[in-house]
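Here's the structure we're looking at; comments come further down.
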Amino acid sequence: MSRGRIRDTAALWRPAVEGVEVLHAHFRVHEYTRHAHESTTVALVDSGAASFVYRGEHVVAPAGSTFVINAGAVHTGRALTDQGYRYRVLYLDQAALTPLLAGEPGLDGPLAFDETIVRDGRVAGLLDRAHRVLTATGTEPLRQQQALLEVCHALRERFRGRARAGRVAVDDVGREVDHHHRAVALVRDYLEAHATDKVLLQDLATLTGVSAYRLVRIFSGTVGMPPHAYQNQVRIRRARRLLALGIPAANVATLVGFCDQPHLIRMFKKYTGVTPAQFVAGVRCG
């Protein structure tokens, strides 16, 4: 059987604990495009092996391992072999978790880690339990919060790291670097404000005073993805919010700047791993 005929499976939940999403998936064919999450990603690989590019390095997460991707960090994702990989993911929003973690030494700061892959039976066991609790029907929020706290404690004890400084792939110094950072900030703000527009590179070059070619290089090196991919990510982020409000996918596609519903479905899957329908089902379940 060809890989193209193999079906991937994915399911998403939003449990009663605010700021938490849960994804269970078995991917053989699906490949994540370069993207970033607003939340910290904590994934437990149950079988197979996941392969992704993160912090400019090729990373392999085998079965039994846990991997962590910091909020805002650009990465990809695919199966290492034709057999695919099965994994369970927690997306943890720091702003929503702060009240839960307040007052705990070592837990009240951002959930950010230096280490990416870890094999730790205790961490894996706590993650397994957390997933069971968070996805079980009728589980009390208090029990879900407790399971999350145990996971956060175990991760801090095992990783004991802070996120590395953002990577800047430009080799200039002095005021020119400041100018580059300003150009990147201007482009990000512009794409956020014009997410639904058909933006041209010359528009961005005029805005920043940097040539289009050099701007793409600077932006990609700093942010981890080119401007068009960043604009698509902004659109997907807005689509998630609108879908969660119950707005039909066909309307959402137009509202966020995609040409039609099939375009939204394709891009949503590429950036999130689930279809809009699967996402809505998870939101309703939560």
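Each chain of the structure tokens is named A, B, ... in the order shown, its residues numbered from 1; ligands are numbered from 1 in display order.
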Within 9 Å of Leu186 of chain A using only C-alpha atoms, minus same-chain residues under 4 positions, as number ranges by chain: A: 181-182, 190-191, 204, 207-208
Those selected residues, please, written with C-alpha atoms and delivered as a PDB file, in the first residue's frame.
```pdb
ATOM      1  CA  HIS A 181      15.712  43.803  14.486  1.00  0.00           C
ATOM      2  CA  ARG A 182      13.587  46.881  13.851  1.00  0.00           C
ATOM      3  CA  TYR A 190       2.415  44.663   9.691  1.00  0.00           C
ATOM      4  CA  LEU A 191       1.524  41.028   9.004  1.00  0.00           C
ATOM      5  CA  LEU A 204       7.417  45.093   3.205  1.00  0.00           C
ATOM      6  CA  LEU A 207       7.994  49.668   4.947  1.00  0.00           C
ATOM      7  CA  THR A 208      11.410  48.674   6.315  1.00  0.00           C
TER       8      THR A 208
END
```
Close residues, segment 197-202 of chain A itself excluded, 9 Å, only C-alpha atoms, min 5 positions apart in chain, as an MDAnalysis selection string: chainID A and resid 191 207 211:213 215:216 227:228 257
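With atom CA of Val89 of chain A on one side and atom CA of Val223 of chain A on the other, the separation reads 23.5 Å.
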Selection: 9 Å around Ser51 of chain A, only C-alpha atoms, excl. self and same-chain fewer than 3 positions, as number ranges by chain: A: 58-62, 76-80
Based on the selection just made, write all heavy atoms of those residues as a PDB file, in the first residue's frame.
```pdb
ATOM      1  N   HIS A  58      18.427  18.930  13.426  1.00  0.00           N
ATOM      2  CA  HIS A  58      17.518  17.824  13.149  1.00  0.00           C
ATOM      3  C   HIS A  58      17.427  16.951  14.402  1.00  0.00           C
ATOM      4  O   HIS A  58      18.426  16.467  14.912  1.00  0.00           O
ATOM      5  CB  HIS A  58      18.026  16.988  11.974  1.00  0.00           C
ATOM      6  CG  HIS A  58      17.171  15.807  11.673  1.00  0.00           C
ATOM      7  ND1 HIS A  58      17.558  14.516  11.922  1.00  0.00           N
ATOM      8  CD2 HIS A  58      15.916  15.731  11.166  1.00  0.00           C
ATOM      9  CE1 HIS A  58      16.605  13.685  11.567  1.00  0.00           C
ATOM     10  NE2 HIS A  58      15.595  14.390  11.110  1.00  0.00           N
ATOM     11  N   VAL A  59      16.212  16.767  14.904  1.00  0.00           N
ATOM     12  CA  VAL A  59      15.983  16.060  16.160  1.00  0.00           C
ATOM     13  C   VAL A  59      15.120  14.836  15.886  1.00  0.00           C
ATOM     14  O   VAL A  59      14.178  14.885  15.099  1.00  0.00           O
ATOM     15  CB  VAL A  59      15.273  16.969  17.185  1.00  0.00           C
ATOM     16  CG1 VAL A  59      15.066  16.232  18.506  1.00  0.00           C
ATOM     17  CG2 VAL A  59      16.078  18.244  17.403  1.00  0.00           C
ATOM     18  N   VAL A  60      15.454  13.717  16.542  1.00  0.00           N
ATOM     19  CA  VAL A  60      14.654  12.498  16.456  1.00  0.00           C
ATOM     20  C   VAL A  60      14.179  12.142  17.852  1.00  0.00           C
ATOM     21  O   VAL A  60      14.967  12.054  18.786  1.00  0.00           O
ATOM     22  CB  VAL A  60      15.457  11.328  15.853  1.00  0.00           C
ATOM     23  CG1 VAL A  60      14.642  10.032  15.935  1.00  0.00           C
ATOM     24  CG2 VAL A  60      15.821  11.630  14.409  1.00  0.00           C
ATOM     25  N   ALA A  61      12.860  11.959  17.996  1.00  0.00           N
ATOM     26  CA  ALA A  61      12.267  11.567  19.277  1.00  0.00           C
ATOM     27  C   ALA A  61      11.744  10.141  19.142  1.00  0.00           C
ATOM     28  O   ALA A  61      10.711   9.908  18.515  1.00  0.00           O
ATOM     29  CB  ALA A  61      11.142  12.519  19.658  1.00  0.00           C
ATOM     30  N   PRO A  62      12.434   9.158  19.720  1.00  0.00           N
ATOM     31  CA  PRO A  62      12.012   7.762  19.571  1.00  0.00           C
ATOM     32  C   PRO A  62      10.903   7.391  20.545  1.00  0.00           C
ATOM     33  O   PRO A  62      10.566   8.170  21.453  1.00  0.00           O
ATOM     34  CB  PRO A  62      13.301   6.994  19.893  1.00  0.00           C
ATOM     35  CG  PRO A  62      14.015   7.880  20.866  1.00  0.00           C
ATOM     36  CD  PRO A  62      13.701   9.296  20.451  1.00  0.00           C
ATOM     37  N   THR A  76       9.398  21.964  12.745  1.00  0.00           N
ATOM     38  CA  THR A  76       8.653  21.189  11.760  1.00  0.00           C
ATOM     39  C   THR A  76       8.181  19.896  12.436  1.00  0.00           C
ATOM     40  O   THR A  76       8.141  19.814  13.658  1.00  0.00           O
ATOM     41  CB  THR A  76       9.537  20.862  10.546  1.00  0.00           C
ATOM     42  OG1 THR A  76      10.648  20.055  10.985  1.00  0.00           O
ATOM     43  CG2 THR A  76      10.067  22.132   9.904  1.00  0.00           C
ATOM     44  N   GLY A  77       7.847  18.867  11.655  1.00  0.00           N
ATOM     45  CA  GLY A  77       7.460  17.595  12.242  1.00  0.00           C
ATOM     46  C   GLY A  77       7.043  16.596  11.187  1.00  0.00           C
ATOM     47  O   GLY A  77       6.288  16.929  10.267  1.00  0.00           O
ATOM     48  N   ARG A  78       7.564  15.357  11.287  1.00  0.00           N
ATOM     49  CA  ARG A  78       7.204  14.299  10.344  1.00  0.00           C
ATOM     50  C   ARG A  78       7.584  12.954  10.953  1.00  0.00           C
ATOM     51  O   ARG A  78       8.301  12.889  11.953  1.00  0.00           O
ATOM     52  CB  ARG A  78       7.921  14.483   9.004  1.00  0.00           C
ATOM     53  CG  ARG A  78       9.431  14.375   9.086  1.00  0.00           C
ATOM     54  CD  ARG A  78      10.121  14.687   7.760  1.00  0.00           C
ATOM     55  NE  ARG A  78       9.694  13.804   6.717  1.00  0.00           N
ATOM     56  CZ  ARG A  78      10.249  12.617   6.456  1.00  0.00           C
ATOM     57  NH1 ARG A  78      11.275  12.192   7.198  1.00  0.00           N
ATOM     58  NH2 ARG A  78       9.824  11.869   5.476  1.00  0.00           N
ATOM     59  N   ALA A  79       7.119  11.889  10.330  1.00  0.00           N
ATOM     60  CA  ALA A  79       7.499  10.545  10.748  1.00  0.00           C
ATOM     61  C   ALA A  79       8.901  10.235  10.241  1.00  0.00           C
ATOM     62  O   ALA A  79       9.268  10.611   9.121  1.00  0.00           O
ATOM     63  CB  ALA A  79       6.512   9.528  10.210  1.00  0.00           C
ATOM     64  N   LEU A  80       9.673   9.523  11.057  1.00  0.00           N
ATOM     65  CA  LEU A  80      11.025   9.162  10.646  1.00  0.00           C
ATOM     66  C   LEU A  80      11.004   8.031   9.624  1.00  0.00           C
ATOM     67  O   LEU A  80      11.839   7.981   8.727  1.00  0.00           O
ATOM     68  CB  LEU A  80      11.851   8.743  11.865  1.00  0.00           C
ATOM     69  CG  LEU A  80      13.316   8.426  11.611  1.00  0.00           C
ATOM     70  CD1 LEU A  80      14.075   9.670  11.147  1.00  0.00           C
ATOM     71  CD2 LEU A  80      13.977   7.864  12.877  1.00  0.00           C
TER      72      LEU A  80
END
```
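Summary of the local environment: counting only C-alpha atoms, residues at most 7 Å from segment 121-129 of chain A, other than itself and those fewer than 4 positions away along its chain, are Leu44, Thr66, Val133, Glu150, Val151, Ala154 and Leu155 of chain A.
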Spatial neighbours of His35 of chain A, max dist 12 Å, only C-alpha atoms, sep filter under 5 positions, as an MDAnalysis selection string: chainID A and resid 52:54 69 71:77 220 223:234 236:237 267:273
Best match for closeness to Leu134 of chain A among A:Val280, A:Ala49, A:Leu101, A:Val17, counting only C-alpha atoms: A:Val17
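For the atom pair formed by atom CA of Thr254 of chain A and atom CA of Glu31 of chain A, the distance is 24.9 Å, given to one decimal.
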Segment 50-267 of chain A: residues DSSP assigns to alpha helix (DSSP H), reported as number ranges by chain: A: 94-101, 121-135, 141-159, 175-193, 201-208, 212-223, 227-244, 249-256, 261-267
Residue subset to file, keeping C-alpha atoms, as a short mmCIF file (atom, residue, chain, number, x, y, z; two decimals), in the first residue's frame:
```cif
data_model
loop_
_atom_site.label_atom_id
_atom_site.label_comp_id
_atom_site.auth_asym_id
_atom_site.auth_seq_id
_atom_site.Cartn_x
_atom_site.Cartn_y
_atom_site.Cartn_z
CA GLN A 94 1.75 30.02 30.30
CA ALA A 95 -0.64 32.91 30.91
CA ALA A 96 -3.42 30.53 31.83
CA LEU A 97 -1.19 28.30 33.97
CA THR A 98 0.42 31.15 35.94
CA PRO A 99 -2.34 31.29 38.61
CA LEU A 100 -2.06 27.53 39.02
CA LEU A 101 1.73 27.62 39.45
CA GLY A 121 10.31 6.87 33.21
CA ARG A 122 8.84 9.12 35.90
CA VAL A 123 8.10 11.95 33.48
CA ALA A 124 6.59 9.51 30.98
CA GLY A 125 4.44 7.91 33.66
CA LEU A 126 3.11 11.24 34.92
CA LEU A 127 2.40 12.39 31.37
CA ASP A 128 0.55 9.16 30.65
CA ARG A 129 -1.60 9.66 33.75
CA ALA A 130 -2.21 13.32 32.91
CA HIS A 131 -3.43 12.40 29.45
CA ARG A 132 -5.80 9.80 30.83
CA VAL A 133 -7.19 12.27 33.36
CA LEU A 134 -7.48 15.18 30.92
CA THR A 135 -9.30 13.19 28.25
CA PRO A 141 -11.12 20.03 37.14
CA LEU A 142 -9.40 19.70 40.52
CA ARG A 143 -8.04 16.28 39.57
CA GLN A 144 -6.98 17.57 36.16
CA GLN A 145 -5.12 20.50 37.73
CA GLN A 146 -3.35 18.17 40.14
CA ALA A 147 -2.18 15.94 37.28
CA LEU A 148 -0.82 18.98 35.43
CA LEU A 149 1.01 20.24 38.50
CA GLU A 150 2.74 16.88 38.90
CA VAL A 151 3.84 16.99 35.27
CA CYS A 152 5.18 20.54 35.63
CA HIS A 153 7.12 19.61 38.78
CA ALA A 154 8.64 16.56 37.10
CA LEU A 155 9.63 18.53 34.01
CA ARG A 156 11.32 21.27 36.04
CA GLU A 157 13.20 18.71 38.11
CA ARG A 158 14.34 16.81 35.02
CA PHE A 159 15.08 19.62 32.60
CA ARG A 175 23.60 49.67 14.49
CA GLU A 176 22.94 47.51 11.42
CA VAL A 177 21.84 44.66 13.70
CA ASP A 178 19.52 47.08 15.52
CA HIS A 179 18.13 48.10 12.15
CA HIS A 180 17.55 44.45 11.24
CA HIS A 181 15.71 43.80 14.49
CA ARG A 182 13.59 46.88 13.85
CA ALA A 183 12.81 45.65 10.32
CA VAL A 184 11.72 42.26 11.61
CA ALA A 185 9.52 43.86 14.27
CA LEU A 186 7.92 46.13 11.67
CA VAL A 187 7.16 43.20 9.37
CA ARG A 188 5.68 41.12 12.17
CA ASP A 189 3.45 43.98 13.28
CA TYR A 190 2.41 44.66 9.69
CA LEU A 191 1.52 41.03 9.00
CA GLU A 192 -0.47 40.86 12.24
CA ALA A 193 -2.41 43.95 11.20
CA LEU A 201 7.25 41.73 -0.71
CA GLN A 202 7.73 45.19 -2.14
CA ASP A 203 5.24 46.50 0.43
CA LEU A 204 7.42 45.09 3.21
CA ALA A 205 10.61 46.34 1.59
CA THR A 206 9.18 49.85 1.34
CA LEU A 207 7.99 49.67 4.95
CA THR A 208 11.41 48.67 6.31
CA ALA A 212 13.10 42.38 -0.55
CA TYR A 213 15.76 39.66 -0.90
CA ARG A 214 17.67 40.75 2.18
CA LEU A 215 14.49 41.23 4.17
CA VAL A 216 13.37 37.65 3.56
CA ARG A 217 16.80 36.42 4.64
CA ILE A 218 16.82 38.55 7.81
CA PHE A 219 13.23 37.71 8.72
CA SER A 220 13.67 33.98 8.11
CA GLY A 221 16.90 33.88 10.08
CA THR A 222 15.43 35.72 13.05
CA VAL A 223 11.88 34.33 13.19
CA PRO A 227 7.06 36.25 5.90
CA HIS A 228 4.40 34.33 3.94
CA ALA A 229 4.54 31.43 6.41
CA TYR A 230 4.29 33.84 9.33
CA GLN A 231 1.20 35.45 7.80
CA ASN A 232 -0.39 32.01 7.38
CA GLN A 233 0.34 31.23 11.01
CA VAL A 234 -1.39 34.46 12.07
CA ARG A 235 -4.39 33.42 9.98
CA ILE A 236 -4.48 29.96 11.58
CA ARG A 237 -4.30 31.47 15.07
CA ARG A 238 -7.28 33.66 14.28
CA ALA A 239 -9.13 30.76 12.67
CA ARG A 240 -8.77 28.74 15.87
CA ARG A 241 -10.39 31.50 17.88
CA LEU A 242 -13.27 31.95 15.44
CA LEU A 243 -13.91 28.21 15.15
CA ALA A 244 -13.95 27.96 18.94
CA ALA A 249 -15.47 26.95 8.74
CA ALA A 250 -16.63 28.31 5.38
CA ASN A 251 -17.12 31.74 6.94
CA VAL A 252 -13.90 31.52 8.92
CA ALA A 253 -11.93 30.88 5.74
CA THR A 254 -13.03 34.21 4.31
CA LEU A 255 -12.71 36.09 7.59
CA VAL A 256 -9.05 35.12 8.11
CA GLN A 261 -12.86 26.41 2.90
CA PRO A 262 -10.63 23.73 1.26
CA HIS A 263 -7.72 26.16 1.46
CA LEU A 264 -8.41 26.69 5.16
CA ILE A 265 -8.62 22.94 5.76
CA ARG A 266 -5.28 22.29 4.03
CA MET A 267 -3.45 25.04 5.88
#
```
Strand (DSSP E) per DSSP on the backbone: members of segment 18-250 of chain A, as a ChimeraX atom specification: /A:20-27,32-35,40-54,57-62,66-69,75-79,85-92,117-118
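From atom CA of Ala277 of chain A back to atom CA of Ser47 of chain A, the distance works out to 25.7 Å.
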Close residues, Thr116 of chain A itself excluded, 8 Å, only C-alpha atoms, min 3 positions apart in chain, as a PyMOL selection string: chain A and resi 67-69+113
Could the residues in this selection be written to a file with C-alpha atoms, as a PDB file, in the first residue's frame?
```
ATOM      1  CA  PHE A  67      10.180  16.115  23.865  1.00  0.00           C
ATOM      2  CA  VAL A  68       9.576  19.744  24.792  1.00  0.00           C
ATOM      3  CA  ILE A  69       9.325  22.701  22.402  1.00  0.00           C
ATOM      4  CA  PHE A 113      13.590  24.469  28.610  1.00  0.00           C
TER       5      PHE A 113
END
```
